[in-house]
file structure_9.cif (mmCIF, C-alpha atoms)
data_start
loop_
_atom_site.label_atom_id
_atom_site.label_comp_id
_atom_site.auth_asym_id
_atom_site.auth_seq_id
_atom_site.Cartn_x
_atom_site.Cartn_y
_atom_site.Cartn_z
CA MET M 1 -20.82 -22.32 -16.46
CA THR M 2 -20.51 -20.48 -13.19
CA LYS M 3 -23.70 -18.66 -12.21
CA ILE M 4 -23.03 -15.25 -10.69
CA LYS M 5 -25.35 -12.82 -8.95
CA LEU M 6 -23.96 -9.41 -8.04
CA THR M 7 -26.08 -7.19 -5.77
CA TYR M 8 -25.39 -3.48 -5.30
CA PHE M 9 -27.11 -0.13 -5.47
CA ASP M 10 -28.03 1.38 -8.85
CA ILE M 11 -24.81 3.38 -8.99
CA GLN M 12 -21.29 2.68 -10.24
CA GLY M 13 -19.64 2.96 -6.81
CA VAL M 14 -17.31 0.18 -5.73
CA ALA M 15 -19.17 -2.51 -7.71
CA GLU M 16 -18.45 -1.04 -11.14
CA LYS M 17 -14.96 -2.53 -11.28
CA VAL M 18 -16.45 -5.99 -10.72
CA ARG M 19 -19.10 -5.46 -13.39
CA LEU M 20 -16.41 -4.31 -15.83
CA ALA M 21 -14.31 -7.40 -15.16
CA PHE M 22 -17.29 -9.65 -15.94
CA VAL M 23 -18.06 -7.60 -19.05
CA LEU M 24 -14.46 -7.79 -20.30
CA ASN M 25 -14.31 -11.49 -19.56
CA GLY M 26 -17.57 -12.17 -21.37
CA VAL M 27 -19.11 -13.66 -18.23
CA ASP M 28 -22.89 -13.39 -17.94
CA PHE M 29 -23.93 -12.26 -14.50
CA GLU M 30 -27.14 -11.20 -12.82
CA ASP M 31 -26.68 -7.47 -12.21
CA VAL M 32 -29.09 -6.87 -9.32
CA ARG M 33 -29.50 -3.19 -8.42
CA ILE M 34 -31.49 -2.47 -5.28
CA LYS M 35 -33.11 0.70 -3.92
CA HIS M 36 -31.93 2.26 -0.68
CA ALA M 37 -35.31 1.38 0.87
CA GLU M 38 -34.73 -2.33 0.17
CA TRP M 39 -31.24 -2.00 1.63
CA GLN M 40 -32.53 -1.11 5.09
CA GLU M 41 -34.30 -4.45 5.19
CA LEU M 42 -31.46 -6.45 3.66
CA LYS M 43 -28.57 -4.94 5.64
CA PRO M 44 -28.98 -6.83 8.94
CA LYS M 45 -29.02 -10.13 7.01
CA THR M 46 -25.74 -9.53 5.18
CA LYS M 47 -22.34 -10.90 6.09
CA PHE M 48 -20.52 -7.63 6.80
CA GLY M 49 -23.49 -5.23 6.71
CA GLN M 50 -22.33 -4.06 3.30
CA LEU M 51 -22.93 -4.09 -0.42
CA PRO M 52 -21.85 -5.29 -2.93
CA LEU M 53 -22.57 -8.94 -2.35
CA MET M 54 -21.76 -11.75 -4.75
CA GLN M 55 -23.32 -15.17 -4.89
CA ILE M 56 -21.67 -17.98 -6.88
CA ASP M 57 -23.76 -20.94 -8.03
CA ASP M 58 -26.41 -20.15 -5.39
CA GLY M 59 -23.77 -20.60 -2.66
CA GLU M 60 -22.90 -18.48 0.37
CA GLU M 61 -22.80 -14.75 -0.08
CA VAL M 62 -19.39 -13.17 -0.49
CA ALA M 63 -18.47 -9.62 0.48
CA GLN M 64 -15.67 -7.20 -0.49
CA SER M 65 -15.50 -5.71 -3.96
CA ASP M 66 -11.73 -6.15 -4.33
CA ALA M 67 -12.09 -9.89 -3.68
CA MET M 68 -14.93 -10.07 -6.22
CA LEU M 69 -12.85 -8.26 -8.84
CA ARG M 70 -9.98 -10.71 -8.35
CA PHE M 71 -12.39 -13.63 -8.59
CA ALA M 72 -14.04 -12.22 -11.73
CA ALA M 73 -10.58 -12.08 -13.32
CA THR M 74 -10.19 -15.86 -12.95
CA LEU M 75 -13.37 -16.74 -14.83
CA GLY M 76 -13.09 -15.70 -18.44
CA ALA M 77 -10.98 -15.53 -21.51
CA ALA M 78 -9.43 -12.08 -21.05
CA LYS M 79 -6.11 -11.93 -19.24
CA LEU M 80 -7.20 -9.45 -16.60
CA MET M 81 -4.53 -10.79 -14.26
CA PRO M 82 -1.23 -12.18 -15.58
CA LYS M 83 0.07 -15.54 -14.36
CA GLU M 84 3.68 -14.63 -13.54
CA PRO M 85 4.32 -13.27 -10.01
CA ILE M 86 6.54 -10.48 -11.29
CA GLU M 87 3.84 -9.30 -13.73
CA GLN M 88 1.16 -9.67 -11.07
CA LEU M 89 3.30 -7.41 -8.91
CA LYS M 90 3.03 -4.65 -11.49
CA VAL M 91 -0.77 -5.01 -11.65
CA ASN M 92 -1.03 -5.09 -7.87
CA GLU M 93 1.18 -2.03 -7.58
CA ALA M 94 -1.20 -0.14 -9.86
CA MET M 95 -4.17 -1.45 -7.84
CA GLY M 96 -2.52 0.04 -4.76
CA LEU M 97 -2.19 3.41 -6.45
CA VAL M 98 -5.94 3.42 -7.16
CA ASP M 99 -6.55 2.69 -3.48
CA ASP M 100 -4.23 5.57 -2.53
CA ILE M 101 -6.20 8.00 -4.67
CA ALA M 102 -9.51 6.79 -3.22
CA ARG M 103 -8.14 7.03 0.32
CA SER M 104 -6.79 10.52 -0.24
CA TRP M 105 -10.07 11.72 -1.80
CA MET M 106 -12.22 10.12 0.91
CA PRO M 107 -12.30 12.93 3.54
CA ALA M 108 -13.22 15.66 1.02
CA HIS M 109 -15.90 13.41 -0.42
CA SER M 110 -17.22 11.82 2.74
CA ILE M 111 -17.52 15.04 4.78
CA GLY M 112 -20.39 15.92 2.44
CA MET M 113 -22.32 12.87 3.69
CA SER M 114 -20.94 11.88 7.12
CA PRO M 115 -19.23 14.89 8.76
CA GLN M 116 -19.47 13.22 12.17
CA LYS M 117 -16.79 10.74 11.00
CA PHE M 118 -14.38 13.67 11.04
CA GLY M 119 -15.38 15.20 14.35
CA TYR M 120 -18.05 17.61 13.08
CA GLU M 121 -21.65 17.78 14.26
CA GLU M 122 -24.19 15.58 12.53
CA GLY M 123 -25.92 17.64 9.83
CA PHE M 124 -22.91 19.99 9.53
CA GLN M 125 -22.92 19.45 5.75
CA ASN M 126 -26.32 21.15 5.53
CA THR M 127 -25.28 24.35 7.33
CA ASP M 128 -23.88 27.33 5.41
CA GLU M 129 -20.52 26.80 7.11
CA GLY M 130 -20.61 23.10 6.34
CA LYS M 131 -21.51 23.58 2.67
CA ALA M 132 -18.64 26.03 2.27
CA LYS M 133 -16.26 23.60 4.03
CA VAL M 134 -17.24 20.70 1.74
CA LEU M 135 -16.69 22.79 -1.38
CA ALA M 136 -13.41 24.23 -0.08
CA MET M 137 -12.02 20.80 0.80
CA ARG M 138 -12.95 19.38 -2.61
CA GLU M 139 -11.59 22.40 -4.47
CA ASN M 140 -8.35 22.20 -2.51
CA TRP M 141 -8.00 18.47 -3.18
CA LEU M 142 -8.57 18.93 -6.91
CA LYS M 143 -5.99 21.72 -6.97
CA THR M 144 -3.26 20.11 -4.88
CA GLU M 145 -3.63 16.31 -4.63
CA LEU M 146 -5.23 15.40 -7.95
CA PRO M 147 -2.31 16.76 -10.06
CA LYS M 148 0.22 14.76 -7.99
CA PHE M 149 -1.74 11.57 -8.50
CA MET M 150 -2.39 12.26 -12.20
CA LYS M 151 1.37 12.64 -12.69
CA LEU M 152 1.86 9.13 -11.28
CA VAL M 153 -1.00 7.69 -13.34
CA THR M 154 0.39 9.36 -16.47
CA ALA M 155 3.83 7.86 -15.85
CA LEU M 156 2.38 4.35 -15.46
CA ILE M 157 0.34 4.66 -18.67
CA GLU M 158 3.19 6.15 -20.68
CA ALA M 159 5.56 3.39 -19.57
CA ASN M 160 3.26 1.04 -21.51
CA GLY M 161 3.42 2.92 -24.80
CA ASP M 162 1.04 5.03 -26.85
CA GLU M 163 -1.82 2.58 -26.51
CA GLY M 164 -0.88 1.63 -22.98
CA PHE M 165 -3.03 0.65 -20.06
CA LEU M 166 -2.16 1.16 -16.43
CA ALA M 167 -0.13 -2.02 -15.96
CA SER M 168 -0.05 -3.59 -19.40
CA LYS M 169 0.64 -2.73 -23.03
CA ASP M 170 -2.20 -4.01 -25.17
CA ALA M 171 -5.08 -5.32 -23.09
CA PRO M 172 -6.63 -4.18 -19.82
CA THR M 173 -6.10 -5.77 -16.42
CA ILE M 174 -8.02 -5.58 -13.16
CA ALA M 175 -6.03 -2.39 -12.42
CA ASP M 176 -7.88 -0.65 -15.27
CA CYS M 177 -11.25 -1.98 -14.08
CA HIS M 178 -10.37 -0.45 -10.71
CA MET M 179 -8.92 2.84 -11.96
CA VAL M 180 -11.32 3.92 -14.70
CA PRO M 181 -14.54 4.13 -12.61
CA LEU M 182 -12.60 6.10 -9.98
CA LEU M 183 -11.28 8.55 -12.57
CA ARG M 184 -14.71 8.97 -14.12
CA ASN M 185 -15.95 10.28 -10.75
CA TYR M 186 -14.04 13.46 -11.68
CA GLN M 187 -15.69 13.70 -15.10
CA ARG M 188 -19.30 12.70 -14.55
CA GLY M 189 -20.43 15.84 -12.75
CA PHE M 190 -22.46 14.07 -10.08
CA MET M 191 -20.51 15.37 -7.09
CA ASP M 192 -20.88 18.94 -5.80
CA GLY M 193 -17.71 20.91 -6.35
CA VAL M 194 -16.28 18.50 -8.92
CA PRO M 195 -16.67 19.96 -12.43
CA THR M 196 -16.78 17.65 -15.43
CA THR M 197 -13.60 19.34 -16.67
CA SER M 198 -11.53 18.25 -13.63
CA LEU M 199 -9.29 15.90 -15.62
CA ASP M 200 -9.10 17.86 -18.88
CA GLU M 201 -5.55 19.11 -18.41
CA PHE M 202 -4.24 15.55 -17.89
CA THR M 203 -4.41 14.53 -21.52
CA THR M 204 -2.65 11.18 -21.24
CA VAL M 205 -5.18 10.23 -18.58
CA THR M 206 -8.25 11.40 -20.53
CA ALA M 207 -6.99 9.57 -23.64
CA TYR M 208 -6.51 6.45 -21.52
CA ILE M 209 -10.07 6.63 -20.17
CA LYS M 210 -11.40 7.00 -23.73
CA ARG M 211 -9.27 4.05 -24.85
CA PHE M 212 -10.67 1.87 -22.08
CA LEU M 213 -14.26 2.95 -22.76
CA SER M 214 -13.76 2.19 -26.48
CA ILE M 215 -13.00 -1.48 -25.90
CA PRO M 216 -15.92 -3.10 -27.74
CA GLU M 217 -17.25 -5.04 -24.73
CA VAL M 218 -17.08 -1.96 -22.53
CA ALA M 219 -18.60 0.36 -25.14
CA LYS M 220 -21.48 -2.06 -25.62
CA TYR M 221 -22.04 -2.29 -21.85
CA TYR M 222 -22.31 1.49 -21.47
CA GLU M 223 -24.60 1.82 -24.51
CA LYS M 224 -27.39 0.14 -22.60
CA MET E 1 17.41 -17.45 -4.73
CA THR E 2 15.55 -14.20 -5.14
CA LYS E 3 17.34 -11.29 -3.45
CA ILE E 4 14.93 -8.92 -1.71
CA LYS E 5 15.50 -5.52 -0.17
CA LEU E 6 12.61 -3.95 1.75
CA THR E 7 12.96 -0.31 2.80
CA TYR E 8 10.68 1.32 5.35
CA PHE E 9 10.78 3.32 8.55
CA ASP E 10 11.76 1.63 11.82
CA ILE E 11 8.15 0.99 12.74
CA GLN E 12 5.67 -1.80 12.01
CA GLY E 13 3.28 0.36 9.97
CA VAL E 14 2.18 -0.93 6.57
CA ALA E 15 5.42 -2.86 5.96
CA GLU E 16 4.99 -5.30 8.84
CA LYS E 17 2.61 -7.53 6.88
CA VAL E 18 5.25 -7.88 4.15
CA ARG E 19 7.99 -8.68 6.67
CA LEU E 20 5.73 -11.31 8.29
CA ALA E 21 5.05 -12.96 4.92
CA PHE E 22 8.79 -13.25 4.26
CA VAL E 23 9.36 -14.56 7.79
CA LEU E 24 6.59 -17.17 7.46
CA ASN E 25 7.86 -18.19 4.05
CA GLY E 26 11.44 -18.52 5.28
CA VAL E 27 12.65 -15.99 2.73
CA ASP E 28 15.76 -14.03 3.69
CA PHE E 29 15.34 -10.35 2.98
CA GLU E 30 17.30 -7.19 3.68
CA ASP E 31 15.16 -5.34 6.24
CA VAL E 32 16.32 -1.74 5.72
CA ARG E 33 14.89 0.71 8.27
CA ILE E 34 15.57 4.37 7.62
CA LYS E 35 15.30 7.46 9.81
CA HIS E 36 12.83 10.22 9.01
CA ALA E 37 15.79 12.54 8.27
CA GLU E 38 17.02 10.18 5.53
CA TRP E 39 13.51 10.01 4.15
CA GLN E 40 13.41 13.71 3.30
CA GLU E 41 16.35 13.15 1.00
CA LEU E 42 15.10 9.87 -0.46
CA LYS E 43 11.45 10.84 -1.02
CA PRO E 44 11.82 12.89 -4.25
CA LYS E 45 13.72 9.98 -5.84
CA THR E 46 11.03 7.37 -5.15
CA LYS E 47 8.43 6.05 -7.56
CA PHE E 48 5.28 7.22 -5.76
CA GLY E 49 6.87 9.42 -3.08
CA GLN E 50 6.19 6.68 -0.55
CA LEU E 51 7.62 3.94 1.60
CA PRO E 52 7.79 0.96 1.77
CA LEU E 53 9.84 0.20 -1.32
CA MET E 54 10.90 -3.24 -2.46
CA GLN E 55 13.77 -4.13 -4.74
CA ILE E 56 13.99 -7.58 -6.30
CA ASP E 57 17.35 -8.86 -7.54
CA ASP E 58 18.69 -5.27 -7.73
CA GLY E 59 15.94 -4.38 -10.21
CA GLU E 60 13.53 -1.45 -10.38
CA GLU E 61 11.96 -0.28 -7.17
CA VAL E 62 8.41 -1.42 -6.50
CA ALA E 63 5.86 0.45 -4.39
CA GLN E 64 2.62 -0.51 -2.59
CA SER E 65 2.68 -2.76 0.46
CA ASP E 66 -0.33 -4.83 -0.61
CA ALA E 67 1.42 -5.72 -3.87
CA MET E 68 4.59 -6.63 -1.94
CA LEU E 69 2.63 -8.86 0.43
CA ARG E 70 1.05 -10.71 -2.48
CA PHE E 71 4.46 -11.09 -4.12
CA ALA E 72 6.04 -12.34 -0.88
CA ALA E 73 3.35 -15.02 -0.73
CA THR E 74 4.53 -16.46 -4.05
CA LEU E 75 8.14 -16.99 -2.97
CA GLY E 76 8.32 -19.57 -0.23
CA ALA E 77 7.15 -22.88 1.06
CA ALA E 78 4.21 -21.71 3.20
CA LYS E 79 0.82 -21.60 1.54
CA LEU E 80 0.09 -17.99 2.34
CA MET E 81 -2.23 -17.82 -0.65
CA PRO E 82 -4.21 -20.86 -1.84
CA LYS E 83 -4.20 -21.82 -5.52
CA GLU E 84 -7.95 -22.33 -6.10
CA PRO E 85 -9.94 -19.21 -7.10
CA ILE E 86 -12.73 -20.02 -4.69
CA GLU E 87 -10.31 -20.34 -1.76
CA GLN E 88 -8.45 -17.21 -2.85
CA LEU E 89 -11.80 -15.44 -2.75
CA LYS E 90 -12.11 -16.25 0.94
CA VAL E 91 -8.62 -14.91 1.66
CA ASN E 92 -9.26 -11.79 -0.41
CA GLU E 93 -12.57 -11.20 1.35
CA ALA E 94 -10.75 -11.24 4.69
CA MET E 95 -8.08 -8.92 3.24
CA GLY E 96 -10.89 -6.51 2.36
CA LEU E 97 -12.22 -6.59 5.91
CA VAL E 98 -8.78 -5.58 7.21
CA ASP E 99 -8.82 -2.66 4.77
CA ASP E 100 -12.30 -1.68 5.98
CA ILE E 101 -11.11 -1.54 9.58
CA ALA E 102 -8.06 0.53 8.62
CA ARG E 103 -10.19 2.89 6.54
CA SER E 104 -12.73 3.32 9.33
CA TRP E 105 -10.01 3.97 11.92
CA MET E 106 -8.11 6.39 9.68
CA PRO E 107 -9.87 9.70 10.52
CA ALA E 108 -9.61 9.24 14.30
CA HIS E 109 -5.96 8.28 13.94
CA SER E 110 -4.91 10.70 11.26
CA ILE E 111 -6.50 13.80 12.78
CA GLY E 112 -3.80 13.54 15.46
CA MET E 113 -1.12 14.09 12.78
CA SER E 114 -2.75 15.83 9.80
CA PRO E 115 -5.91 17.66 10.90
CA GLN E 116 -5.82 19.81 7.76
CA LYS E 117 -6.80 16.70 5.76
CA PHE E 118 -10.16 16.93 7.51
CA GLY E 119 -10.74 20.65 7.17
CA TYR E 120 -9.14 21.77 10.43
CA GLU E 121 -6.34 24.32 10.80
CA GLU E 122 -2.78 23.09 10.58
CA GLY E 123 -1.49 22.52 14.11
CA PHE E 124 -5.04 21.99 15.45
CA GLN E 125 -3.91 18.74 17.08
CA ASN E 126 -1.59 20.72 19.39
CA THR E 127 -4.29 23.07 20.73
CA ASP E 128 -6.31 22.17 23.82
CA GLU E 129 -9.44 21.89 21.68
CA GLY E 130 -7.59 19.76 19.15
CA LYS E 131 -6.14 17.41 21.75
CA ALA E 132 -9.59 16.88 23.24
CA LYS E 133 -11.05 16.27 19.77
CA VAL E 134 -8.43 13.62 18.92
CA LEU E 135 -9.04 11.77 22.17
CA ALA E 136 -12.83 12.02 21.83
CA MET E 137 -12.79 10.69 18.26
CA ARG E 138 -10.57 7.76 19.21
CA GLU E 139 -12.58 6.94 22.31
CA ASN E 140 -15.80 7.06 20.31
CA TRP E 141 -14.35 4.80 17.60
CA LEU E 142 -13.15 2.24 20.14
CA LYS E 143 -16.57 2.27 21.79
CA THR E 144 -18.78 2.12 18.69
CA GLU E 145 -16.90 0.88 15.61
CA LEU E 146 -14.32 -1.49 17.08
CA PRO E 147 -16.93 -3.85 18.62
CA LYS E 148 -18.78 -4.10 15.29
CA PHE E 149 -15.59 -5.03 13.46
CA MET E 150 -14.44 -7.42 16.19
CA LYS E 151 -17.76 -9.25 15.88
CA LEU E 152 -17.04 -9.80 12.17
CA VAL E 153 -13.43 -10.84 12.82
CA THR E 154 -14.59 -13.24 15.54
CA ALA E 155 -17.10 -14.85 13.17
CA LEU E 156 -14.44 -15.39 10.49
CA ILE E 157 -12.02 -16.96 12.97
CA GLU E 158 -14.66 -19.18 14.59
CA ALA E 159 -15.80 -20.44 11.19
CA ASN E 160 -12.35 -22.00 10.92
CA GLY E 161 -12.48 -23.92 14.17
CA ASP E 162 -10.81 -23.66 17.56
CA GLU E 163 -7.35 -23.19 16.10
CA GLY E 164 -8.61 -21.17 13.19
CA PHE E 165 -7.03 -18.32 11.34
CA LEU E 166 -8.89 -15.56 9.54
CA ALA E 167 -9.41 -17.38 6.25
CA SER E 168 -7.98 -20.85 6.85
CA LYS E 169 -8.08 -23.67 9.35
CA ASP E 170 -4.55 -24.71 10.18
CA ALA E 171 -1.97 -22.38 8.71
CA PRO E 172 -1.89 -18.61 8.21
CA THR E 173 -2.49 -16.78 4.94
CA ILE E 174 -1.70 -13.26 3.78
CA ALA E 175 -4.96 -12.19 5.45
CA ASP E 176 -3.40 -12.95 8.84
CA CYS E 177 -0.20 -11.12 7.94
CA HIS E 178 -2.41 -8.15 7.12
CA MET E 179 -4.79 -8.40 10.09
CA VAL E 180 -2.50 -9.12 13.03
CA PRO E 181 -0.28 -5.99 12.83
CA LEU E 182 -3.43 -3.86 12.50
CA LEU E 183 -5.01 -5.49 15.56
CA ARG E 184 -1.83 -5.08 17.57
CA ASN E 185 -2.10 -1.32 17.08
CA TYR E 186 -4.89 -1.53 19.67
CA GLN E 187 -2.74 -3.47 22.14
CA ARG E 188 0.70 -1.93 21.90
CA GLY E 189 -0.08 1.33 23.70
CA PHE E 190 1.80 3.59 21.31
CA MET E 191 -1.18 5.71 20.25
CA ASP E 192 -2.69 8.39 22.50
CA GLY E 193 -6.15 7.43 23.62
CA VAL E 194 -5.75 3.74 22.75
CA PRO E 195 -5.21 1.71 25.94
CA THR E 196 -3.38 -1.64 25.74
CA THR E 197 -6.58 -3.27 27.01
CA SER E 198 -8.66 -2.17 23.98
CA LEU E 199 -9.14 -5.71 22.65
CA ASP E 200 -9.35 -7.58 25.95
CA GLU E 201 -13.10 -8.20 25.85
CA PHE E 202 -12.85 -9.82 22.40
CA THR E 203 -11.39 -13.09 23.61
CA THR E 204 -11.57 -15.02 20.33
CA VAL E 205 -9.60 -12.20 18.74
CA THR E 206 -6.95 -11.96 21.46
CA ALA E 207 -6.51 -15.76 21.40
CA TYR E 208 -6.12 -15.57 17.61
CA ILE E 209 -3.41 -12.91 17.89
CA LYS E 210 -1.55 -15.04 20.45
CA ARG E 211 -1.88 -18.09 18.19
CA PHE E 212 -0.40 -16.19 15.26
CA LEU E 213 2.43 -14.73 17.36
CA SER E 214 3.23 -18.25 18.67
CA ILE E 215 3.97 -19.64 15.21
CA PRO E 216 7.66 -20.57 15.63
CA GLU E 217 8.92 -18.40 12.74
CA VAL E 218 6.92 -15.40 13.98
CA ALA E 219 7.89 -15.89 17.63
CA LYS E 220 11.55 -16.05 16.64
CA TYR E 221 11.22 -12.89 14.53
CA TYR E 222 9.76 -10.89 17.43
CA GLU E 223 12.35 -12.22 19.90
CA LYS E 224 15.05 -10.21 18.18
#

call {"tool": "encode", "arguments": {"input": "structure_9.cif", "output": "structure tokens"}}
result
Amino acid sequence: MTKIKLTYFDIQGVAEKVRLAFVLNGVDFEDVRIKHAEWQELKPKTKFGQLPLMQIDDGEEVAQSDAMLRFAATLGAAKLMPKEPIEQLKVNEAMGLVDDIARSWMPAHSIGMSPQKFGYEEGFQNTDEGKAKVLAMRENWLKTELPKFMKLVTALIEANGDEGFLASKDAPTIADCHMVPLLRNYQRGFMDGVPTTSLDEFTTVTAYIKRFLSIPEVAKYYEK
Amino acid sequence: MTKIKLTYFDIQGVAEKVRLAFVLNGVDFEDVRIKHAEWQELKPKTKFGQLPLMQIDDGEEVAQSDAMLRFAATLGAAKLMPKEPIEQLKVNEAMGLVDDIARSWMPAHSIGMSPQKFGYEEGFQNTDEGKAKVLAMRENWLKTELPKFMKLVTALIEANGDEGFLASKDAPTIADCHMVPLLRNYQRGFMDGVPTTSLDEFTTVTAYIKRFLSIPEVAKYYEK
């Protein structure tokens, strides 16, 4: 049996999709969650200066969460990635839509941490002007961009029937592992300016999230 | 034989990786390049409101360039994607690094077109202050971020030997189709503030680009 160690911070972030794929596939893995203080020491020793990192059978460390997700899908019993190119295309198309949402959301999110990336002074997010800007950008994104994306997500789910997933009819794929943690960012109330009710009006989407979280393996994982 | 139609603007952009995969795989495809005026009319009719679009055997339209690239890799003779999960992991890890570079570059690039995405006034890029900001952000990125990424790219190439590609030793993969057009953005001189010499000091990288562009199928494609 393949021995897997996955190292990330103690948050969902970009590693959650990988964890979910292991959970769905019934693959035991060592779920290492480090503190930010440990990270400062570890960072210079890592391949790309990033987390998550994955180690397979005590081998070389591997970077990139998307690559880890795709690898996790090859390990277990669940069909998280279909075999036929034309069906893979559908899954990969949905994966791309998740990336589009994340990319679109990034400035409004990231300005609250790293305003200098966007041409503002360092520390701008802590000024009164900066705090107002962060909230205004997030509010505007939730009002204008989120509904456009939720329309696309709704259409993909509905094309797969009443019990549909994002790119499949009766069982999840890696696209769901990728999409659901992203969507839950708008429900979990941990980001300033993003109320837990943000998705409530998109009922196909909220039902889909519930359906995914009710899969026995997933429900058990989140019970812990 | 599968009939493929790929529709995009008459630029390299995010479709070039897909075109290169078809070229390397010797797959004939209809390379439709539309004008921005046509796009205004087409956009509301498209699946995700985006280009590129791909049509396979006159079927439904497919979106998402990453999905198209992965599909293109399944069609031809060239081994653009290995079969073994552990080798795929290496290719996918390199794919993720390309995405990281693109994501990091995005604000400095995009502020020149869509400053409102980053909390600035619409039209800011056309003011004196805005023009200076765009150039300063790009210059700063080229000076600070580009060298860090080029160090990682160099290490990946060198791990594959003197004639190495990004994730393979002797023949390109989809990771190269993805990486090379991105890298050429910093050599082609079409973006304000990005001189054609931007990559010159990273000699392993420039040699790698030349090696990829010298592959007979690729060279012939760019001769046109």

call {"tool": "residues_around", "arguments": {"input": "structure_9.cif", "residues": "stretch 117-133 of chain E", "least_positions_apart": "5", "cutoff": "10 Å", "atoms": "only C-alpha atoms", "output": "compact mmCIF listing (two decimals) with C-alpha atoms, in the frame of the given file"}}
result
# COMPACT_ATOMS: atom_id res chain seq x y z
CA SER M 104 -6.79 10.52 -0.24
CA TRP M 105 -10.07 11.72 -1.80
CA MET M 106 -12.22 10.12 0.91
CA PRO M 107 -12.30 12.93 3.54
CA ALA M 108 -13.22 15.66 1.02
CA SER M 110 -17.22 11.82 2.74
CA ILE M 111 -17.52 15.04 4.78
CA PRO M 115 -19.23 14.89 8.76
CA LYS M 117 -16.79 10.74 11.00
CA PHE M 118 -14.38 13.67 11.04
CA GLY M 119 -15.38 15.20 14.35
CA TYR M 120 -18.05 17.61 13.08
CA LYS M 133 -16.26 23.60 4.03
CA VAL M 134 -17.24 20.70 1.74
CA ALA M 136 -13.41 24.23 -0.08
CA MET M 137 -12.02 20.80 0.80
CA TRP M 141 -8.00 18.47 -3.18
CA PRO E 107 -9.87 9.70 10.52
CA ALA E 108 -9.61 9.24 14.30
CA SER E 110 -4.91 10.70 11.26
CA ILE E 111 -6.50 13.80 12.78
CA GLY E 112 -3.80 13.54 15.46
CA ARG E 138 -10.57 7.76 19.21
CA GLU E 139 -12.58 6.94 22.31
CA ASP E 192 -2.69 8.39 22.50

call {"tool": "closest_residue", "arguments": {"input": "structure_9.cif", "among": "E:Glu38, E:Asp28, E:Glu201, E:Glu61", "to": "chain M", "atoms": "all atoms listed in the file"}}
result
E:Glu61

call {"tool": "interface_residues", "arguments": {"input": "structure_9.cif", "of": "chain M", "to": "chain E", "cutoff": "6 Å", "atoms": "all atoms listed in the file", "output": "PyMOL selection string"}}
result
chain M and resi 64+67+89+92-93+96

call {"tool": "residues_around", "arguments": {"input": "structure_9.cif", "residues": "E:Thr197", "least_positions_apart": "2", "cutoff": "12 Å", "atoms": "all atoms listed in the file", "output": "number ranges by chain"}}
result
E: 142, 183-189, 193-195, 199-203, 206

call {"tool": "atom_distance", "arguments": {"input": "structure_9.cif", "atom1": "atom CA of E:Leu42", "atom2": "atom CA of E:Gly59"}}
result
17.3 Å

call {"tool": "atom_distance", "arguments": {"input": "structure_9.cif", "atom1": "atom CA of M:Thr7", "atom2": "atom CA of M:Ala175"}}
result
21.7 Å

call {"tool": "residues_near_point", "arguments": {"input": "structure_9.cif", "point": "(-1.8, -25.4, 4.8)", "cutoff": "7 Å", "atoms": "all atoms listed in the file", "output": "list in words"}}
result
Lys79, Asp170 and Ala171 of chain E

call {"tool": "residues_around", "arguments": {"input": "structure_9.cif", "residues": "stretch 212-217 of chain M", "least_positions_apart": "6", "cutoff": "9 Å", "atoms": "all atoms listed in the file", "output": "NGL selection string"}}
result
:M and (20 or 23-26 or 165 or 172 or 176-177 or 180)

call {"tool": "resolve_selection", "arguments": {"input": "structure_9.cif", "expression": "the PyMOL selection byres ((chain E and resi 157) around 9)", "output": "mmCIF file with C-alpha atoms, in the frame of the given file"}}
result
data_model
loop_
_atom_site.group_PDB
_atom_site.id
_atom_site.type_symbol
_atom_site.label_atom_id
_atom_site.label_comp_id
_atom_site.auth_asym_id
_atom_site.auth_seq_id
_atom_site.Cartn_x
_atom_site.Cartn_y
_atom_site.Cartn_z
ATOM 1 C CA LEU E 152 -17.040 -9.800 12.170
ATOM 2 C CA VAL E 153 -13.430 -10.840 12.820
ATOM 3 C CA THR E 154 -14.590 -13.240 15.540
ATOM 4 C CA ALA E 155 -17.100 -14.850 13.170
ATOM 5 C CA LEU E 156 -14.440 -15.390 10.490
ATOM 6 C CA GLU E 158 -14.660 -19.180 14.590
ATOM 7 C CA ALA E 159 -15.800 -20.440 11.190
ATOM 8 C CA ASN E 160 -12.350 -22.000 10.920
ATOM 9 C CA GLY E 161 -12.480 -23.920 14.170
ATOM 10 C CA ASP E 162 -10.810 -23.660 17.560
ATOM 11 C CA GLU E 163 -7.350 -23.190 16.100
ATOM 12 C CA GLY E 164 -8.610 -21.170 13.190
ATOM 13 C CA PHE E 165 -7.030 -18.320 11.340
ATOM 14 C CA LEU E 166 -8.890 -15.560 9.540
ATOM 15 C CA ALA E 167 -9.410 -17.380 6.250
ATOM 16 C CA SER E 168 -7.980 -20.850 6.850
ATOM 17 C CA LYS E 169 -8.080 -23.670 9.350
ATOM 18 C CA THR E 204 -11.570 -15.020 20.330
ATOM 19 C CA VAL E 205 -9.600 -12.200 18.740
ATOM 20 C CA TYR E 208 -6.120 -15.570 17.610
#

call {"tool": "atom_distance", "arguments": {"input": "structure_9.cif", "atom1": "atom CA of E:Phe22", "atom2": "atom CA of M:Pro82"}}
result
22.3 Å
